Amino acid sequence: MRKIYSLLVITLVLISCGEEKTTSVADLVATGNLKELTAKKKEITAKIEAINTDLEAINEAISKKDTIKKLPLITTIKVKEEVFNHYLEIQGNVKTKQNILIYPEMAGILKTVYVKEGQKVSKGQLLATIDDGGLGNQVAQLEATTQLAKTTFERQKRLWEQKIGSEIQFLQAKTSYEAQRNSLKQLKSQQSKSSIRAPFSGVIDDVIKETGTVIAPGQGSEVFRIVNLNNMYVEAEVPERYITSIQKNKEVKIEFPVLGTSLNSSIRQVGSFINPNNRSFKIEVPVANKSGNVKPNLTAKLQINDYTDAKAILIPQSIISENANGEQFVYAIKDKNSDNEAIAERVVIKTGKTQGNFIEVLENLTVGTEIIKEGARSVNNGQTVKVINK
C-alpha cells in the first residue's frame, strides 16, 4: 500500500510539473542547447529527490502510528537433512526362458496323447507317442541278431585265450558283434524319437495336435506348448544415460498394475549391448511366482534405485519460483521478532533430482534455514510477513 501511495504522489507531482512547464520544456527540447538541457534535468531530479525524501519520512511516521498492520500471512518449514532415494521408473514385460513349442523329431501318425492342457508335467515325462512305422519290430529282430553275435564273440574270445582257433576268427566275431551293437544303438535312437517327452518341468499350456494327426518335423507341426511359470523374469529397456547407475544386484520394486500386486527383487543381468535404434540396453529382473498369477507378456512397472544421498536437502516443488533469467528461487525469512513478524528474503537455489512432490536442493540452502511454504507465491523480496505456523 505504501509503495502504491508513493508512486501515485510522484506521478501527480511529475504531471503537475509537466503541466506547468509544458511549453517551456517543449521549447527547450526543440531549441535549447546542451547546457540548458542539463540544467533543466538537474532541476527536475532535485525535485524528485526532495519528494522521495519527504515520502520516506511520511512512510516511516505511518509505520510507527499504524497499530493494525496488514501483513501477508505465511507458513514456514525448516530445512533439514534427509535420506533421499531416487527411483528410475520404467516399464517392462514378463518373460520366461522356458516357454517353448514342442515339435516331433520324426514323421508319422500321432498315436497317443497322454496329457491335457493345464496339466503339470516333470522333465522327461512322456507326453505323446508317434506310430514308428515298424521300427519296434526291427529293433526286436536286431536285438536277437546282436545277442547271437555277442555269444559268438564271447566263445571265440575264450577259445583264442586258450590258443584254440585262428586270430582271424576271433577278429571277425568281434567286428560282427560291434557292428551289430552299433546298428542296434542307432535304431533304438531312431525309435526313441517316436516318444515326445517334456524337455523341462512345467505346465502344458496348449495341446495343438490331436490323436490321429499326421505330423512331421518342421515348422507348422508343433504338438504342444509347455511353459515353466516358476522361472519368470521381467525384461526392460533402460536409456543409455543410466548405464553407470544401473548395475547388477541393484534393488528393484516390481508392480503389476493388472494384478494389483507388487514385490521386491534385484537386477539379475545387465545387457552389454546398446540398441542403436533407441539408445537403450536391456536388463533382467527375476520374478518369484509362487501363486502362478504372473504370466508371460504381462506388463510390469519397475522402480530402480539409481541414486541415494544420505544427507540430502528436500523441499516441496510447489514453493519454487523462477525469475526471468531462468533461475530458481525460494523465500527464506530473517529477523523474526517476538510477534512472528519477519522479512522475506529471496534465495536463488540449484536443484537436482525429483521424487514425487519433492526436489533435491544442491546449493544455497543450509540446515536450519526457515523457508516460506504456504504464501510463497504472494510475497516479494524484502517484504515484511507474519508467520502463522500451527
# chains A, B, ... in the order shown; residues from 1 in each chain; ligands from 1
call {"tool": "select_by_dssp", "arguments": {"residues": "region 115-184 of chain A", "states": "helix (DSSP H, G or I)", "output": "mmCIF file with N, CA and C atoms, in the first residue's frame"}}
result
data_model
loop_
_atom_site.group_PDB
_atom_site.id
_atom_site.type_symbol
_atom_site.label_atom_id
_atom_site.label_comp_id
_atom_site.auth_asym_id
_atom_site.auth_seq_id
_atom_site.Cartn_x
_atom_site.Cartn_y
_atom_site.Cartn_z
ATOM 1 N N LEU A 135 9.417 -99.717 -36.664
ATOM 2 C CA LEU A 135 10.759 -99.654 -36.078
ATOM 3 C C LEU A 135 10.891 -100.579 -34.880
ATOM 4 N N GLY A 136 9.773 -100.769 -34.153
ATOM 5 C CA GLY A 136 9.816 -101.631 -32.972
ATOM 6 C C GLY A 136 10.154 -103.061 -33.343
ATOM 7 N N ASN A 137 9.586 -103.563 -34.463
ATOM 8 C CA ASN A 137 9.869 -104.918 -34.927
ATOM 9 C C ASN A 137 11.316 -105.052 -35.388
ATOM 10 N N GLN A 138 11.795 -103.996 -36.035
ATOM 11 C CA GLN A 138 13.184 -104.032 -36.496
ATOM 12 C C GLN A 138 14.149 -104.065 -35.317
ATOM 13 N N VAL A 139 13.806 -103.298 -34.281
ATOM 14 C CA VAL A 139 14.646 -103.281 -33.092
ATOM 15 C C VAL A 139 14.678 -104.666 -32.446
ATOM 16 N N ALA A 140 13.509 -105.324 -32.371
ATOM 17 C CA ALA A 140 13.444 -106.661 -31.764
ATOM 18 C C ALA A 140 14.293 -107.663 -32.553
ATOM 19 N N GLN A 141 14.214 -107.597 -33.886
ATOM 20 C CA GLN A 141 14.997 -108.514 -34.716
ATOM 21 C C GLN A 141 16.492 -108.258 -34.553
ATOM 22 N N LEU A 142 16.855 -106.969 -34.525
ATOM 23 C CA LEU A 142 18.267 -106.623 -34.410
ATOM 24 C C LEU A 142 18.815 -106.975 -33.033
ATOM 25 N N GLU A 143 17.978 -106.887 -32.030
ATOM 26 C CA GLU A 143 18.397 -107.302 -30.688
ATOM 27 C C GLU A 143 18.756 -108.786 -30.668
ATOM 28 N N ALA A 144 17.941 -109.594 -31.383
ATOM 29 C CA ALA A 144 18.194 -111.037 -31.417
ATOM 30 C C ALA A 144 19.511 -111.346 -32.137
ATOM 31 N N THR A 145 19.722 -110.733 -33.294
ATOM 32 C CA THR A 145 20.962 -110.979 -34.036
ATOM 33 C C THR A 145 22.179 -110.431 -33.279
ATOM 34 N N THR A 146 21.994 -109.310 -32.561
ATOM 35 C CA THR A 146 23.098 -108.753 -31.776
ATOM 36 C C THR A 146 23.457 -109.692 -30.634
ATOM 37 N N GLN A 147 22.451 -110.284 -30.018
ATOM 38 C CA GLN A 147 22.709 -111.217 -28.934
ATOM 39 C C GLN A 147 23.478 -112.440 -29.443
ATOM 40 N N LEU A 148 23.097 -112.902 -30.644
ATOM 41 C CA LEU A 148 23.818 -114.027 -31.233
ATOM 42 C C LEU A 148 25.262 -113.650 -31.526
ATOM 43 N N ALA A 149 25.457 -112.481 -32.081
ATOM 44 C CA ALA A 149 26.818 -112.024 -32.380
ATOM 45 C C ALA A 149 27.645 -111.889 -31.103
ATOM 46 N N LYS A 150 27.012 -111.469 -30.027
ATOM 47 C CA LYS A 150 27.706 -111.335 -28.751
ATOM 48 C C LYS A 150 28.147 -112.704 -28.235
ATOM 49 N N THR A 151 27.218 -113.695 -28.305
ATOM 50 C CA THR A 151 27.544 -115.047 -27.837
ATOM 51 C C THR A 151 28.696 -115.635 -28.639
ATOM 52 N N THR A 152 28.637 -115.470 -29.955
ATOM 53 C CA THR A 152 29.700 -115.984 -30.834
ATOM 54 C C THR A 152 31.034 -115.345 -30.493
ATOM 55 N N PHE A 153 31.018 -114.039 -30.272
ATOM 56 C CA PHE A 153 32.260 -113.307 -29.949
ATOM 57 C C PHE A 153 32.840 -113.796 -28.629
ATOM 58 N N GLU A 154 31.984 -113.993 -27.631
ATOM 59 C CA GLU A 154 32.471 -114.414 -26.324
ATOM 60 C C GLU A 154 33.094 -115.817 -26.391
ATOM 61 N N ARG A 155 32.501 -116.698 -27.190
ATOM 62 C CA ARG A 155 33.064 -118.042 -27.333
ATOM 63 C C ARG A 155 34.403 -118.000 -28.059
ATOM 64 N N GLN A 156 34.469 -117.232 -29.152
ATOM 65 C CA GLN A 156 35.727 -117.100 -29.885
ATOM 66 C C GLN A 156 36.823 -116.475 -29.007
ATOM 67 N N LYS A 157 36.391 -115.569 -28.144
ATOM 68 C CA LYS A 157 37.357 -114.923 -27.253
ATOM 69 C C LYS A 157 37.950 -115.942 -26.278
ATOM 70 N N ARG A 158 37.084 -116.822 -25.697
ATOM 71 C CA ARG A 158 37.577 -117.831 -24.768
ATOM 72 C C ARG A 158 38.520 -118.823 -25.468
ATOM 73 N N LEU A 159 38.143 -119.217 -26.701
ATOM 74 C CA LEU A 159 38.999 -120.117 -27.462
ATOM 75 C C LEU A 159 40.344 -119.474 -27.792
ATOM 76 N N TRP A 160 40.279 -118.218 -28.173
ATOM 77 C CA TRP A 160 41.526 -117.518 -28.536
ATOM 78 C C TRP A 160 42.445 -117.378 -27.322
ATOM 79 N N GLU A 161 41.845 -117.150 -26.160
ATOM 80 C CA GLU A 161 42.642 -117.054 -24.937
ATOM 81 C C GLU A 161 43.279 -118.407 -24.587
ATOM 82 N N GLU A 167 43.350 -116.348 -35.182
ATOM 83 C CA GLU A 167 43.136 -114.940 -34.772
ATOM 84 C C GLU A 167 42.083 -114.287 -35.653
ATOM 85 N N ILE A 168 42.057 -114.695 -36.931
ATOM 86 C CA ILE A 168 41.118 -114.067 -37.854
ATOM 87 C C ILE A 168 39.680 -114.379 -37.473
ATOM 88 N N GLN A 169 39.430 -115.613 -36.939
ATOM 89 C CA GLN A 169 38.084 -115.963 -36.491
ATOM 90 C C GLN A 169 37.656 -115.107 -35.304
ATOM 91 N N PHE A 170 38.618 -114.871 -34.394
ATOM 92 C CA PHE A 170 38.337 -114.033 -33.229
ATOM 93 C C PHE A 170 38.018 -112.596 -33.653
ATOM 94 N N LEU A 171 38.807 -112.036 -34.568
ATOM 95 C CA LEU A 171 38.602 -110.653 -35.001
ATOM 96 C C LEU A 171 37.306 -110.503 -35.785
ATOM 97 N N GLN A 172 36.953 -111.545 -36.599
ATOM 98 C CA GLN A 172 35.697 -111.476 -37.348
ATOM 99 C C GLN A 172 34.494 -111.481 -36.403
ATOM 100 N N ALA A 173 34.560 -112.320 -35.367
ATOM 101 C CA ALA A 173 33.463 -112.381 -34.384
ATOM 102 C C ALA A 173 33.350 -111.060 -33.619
ATOM 103 N N LYS A 174 34.465 -110.462 -33.280
ATOM 104 C CA LYS A 174 34.469 -109.179 -32.550
ATOM 105 C C LYS A 174 33.893 -108.065 -33.407
ATOM 106 N N THR A 175 34.331 -108.022 -34.669
ATOM 107 C CA THR A 175 33.858 -106.969 -35.576
ATOM 108 C C THR A 175 32.369 -107.105 -35.835
ATOM 109 N N SER A 176 31.908 -108.343 -36.011
ATOM 110 C CA SER A 176 30.487 -108.571 -36.265
ATOM 111 C C SER A 176 29.640 -108.127 -35.079
ATOM 112 N N TYR A 177 30.102 -108.448 -33.886
ATOM 113 C CA TYR A 177 29.338 -108.068 -32.686
ATOM 114 C C TYR A 177 29.283 -106.539 -32.527
ATOM 115 N N GLU A 178 30.418 -105.857 -32.697
ATOM 116 C CA GLU A 178 30.459 -104.397 -32.530
ATOM 117 C C GLU A 178 29.587 -103.709 -33.575
ATOM 118 N N ALA A 179 29.582 -104.241 -34.813
ATOM 119 C CA ALA A 179 28.753 -103.642 -35.866
ATOM 120 C C ALA A 179 27.276 -103.805 -35.550
ATOM 121 N N GLN A 180 26.898 -105.016 -35.062
ATOM 122 C CA GLN A 180 25.504 -105.262 -34.704
ATOM 123 C C GLN A 180 25.075 -104.364 -33.534
ATOM 124 N N ARG A 181 25.978 -104.229 -32.573
ATOM 125 C CA ARG A 181 25.663 -103.409 -31.392
ATOM 126 C C ARG A 181 25.472 -101.947 -31.780
ATOM 127 N N ASN A 182 26.315 -101.416 -32.649
ATOM 128 C CA ASN A 182 26.182 -100.012 -33.083
ATOM 129 C C ASN A 182 24.909 -99.795 -33.896
ATOM 130 N N SER A 183 24.580 -100.799 -34.745
ATOM 131 C CA SER A 183 23.354 -100.688 -35.536
ATOM 132 C C SER A 183 22.129 -100.672 -34.620
ATOM 133 N N LEU A 184 22.161 -101.526 -33.575
ATOM 134 C CA LEU A 184 21.048 -101.573 -32.634
ATOM 135 C C LEU A 184 20.922 -100.253 -31.878
#
call {"tool": "residues_around", "arguments": {"residues": "Ile274 (chain A)", "least_positions_apart": "4", "cutoff": "10 Å", "atoms": "only C-alpha atoms", "output": "JSON, numbers by chain"}}
result
{"A": [237, 238, 239, 240, 243, 278, 279, 280, 281, 282]}
call {"tool": "write_last_selection", "arguments": {"atoms": "C-alpha atoms", "output": "mmCIF file, in the first residue's frame"}}
result
data_model
loop_
_atom_site.group_PDB
_atom_site.id
_atom_site.type_symbol
_atom_site.label_atom_id
_atom_site.label_comp_id
_atom_site.auth_asym_id
_atom_site.auth_seq_id
_atom_site.Cartn_x
_atom_site.Cartn_y
_atom_site.Cartn_z
ATOM 1 C CA GLU A 237 14.949 -51.430 -21.776
ATOM 2 C CA VAL A 238 16.846 -48.685 -19.927
ATOM 3 C CA PRO A 239 18.025 -45.414 -21.574
ATOM 4 C CA GLU A 240 21.791 -45.374 -22.046
ATOM 5 C CA ILE A 243 24.373 -47.037 -17.744
ATOM 6 C CA ASN A 278 16.513 -46.354 -29.312
ATOM 7 C CA ARG A 279 19.840 -45.925 -27.435
ATOM 8 C CA SER A 280 18.933 -48.327 -24.649
ATOM 9 C CA PHE A 281 20.207 -51.531 -23.033
ATOM 10 C CA LYS A 282 18.291 -54.483 -21.581
#
call {"tool": "atom_distance", "arguments": {"atom1": "CA of Lys80 (chain A)", "atom2": "CA of Ile319 (chain A)"}}
result
16.0 Å
call {"tool": "closest_atom_pairs", "arguments": {"of": "region 75-188 of chain A", "to": "region 337-352 of chain A", "cutoff": "12 Å", "atoms": "only C-alpha atoms", "output": "tab-separated table"}}
result
residue	atom	partner	partner_atom	distance
A:Thr75	CA	A:Asn340	CA	10.6
A:Thr76	CA	A:Ala344	CA	11.0
A:Phe84	CA	A:Gly352	CA	11.2
A:His86	CA	A:Gly352	CA	10.5
call {"tool": "atom_distance", "arguments": {"atom1": "CA of Ser266 (chain A)", "atom2": "CA of Asn228 (chain A)"}}
result
20.6 Å
call {"tool": "atom_distance", "arguments": {"atom1": "CA of Ala300 (chain A)", "atom2": "CA of Ile267 (chain A)"}}
result
14.3 Å
call {"tool": "residues_around", "arguments": {"residues": "Val367 (chain A)", "least_positions_apart": "3", "cutoff": "8 Å", "atoms": "only C-alpha atoms", "output": "PyMOL selection string"}}
result
chain A and resi 78-81+313
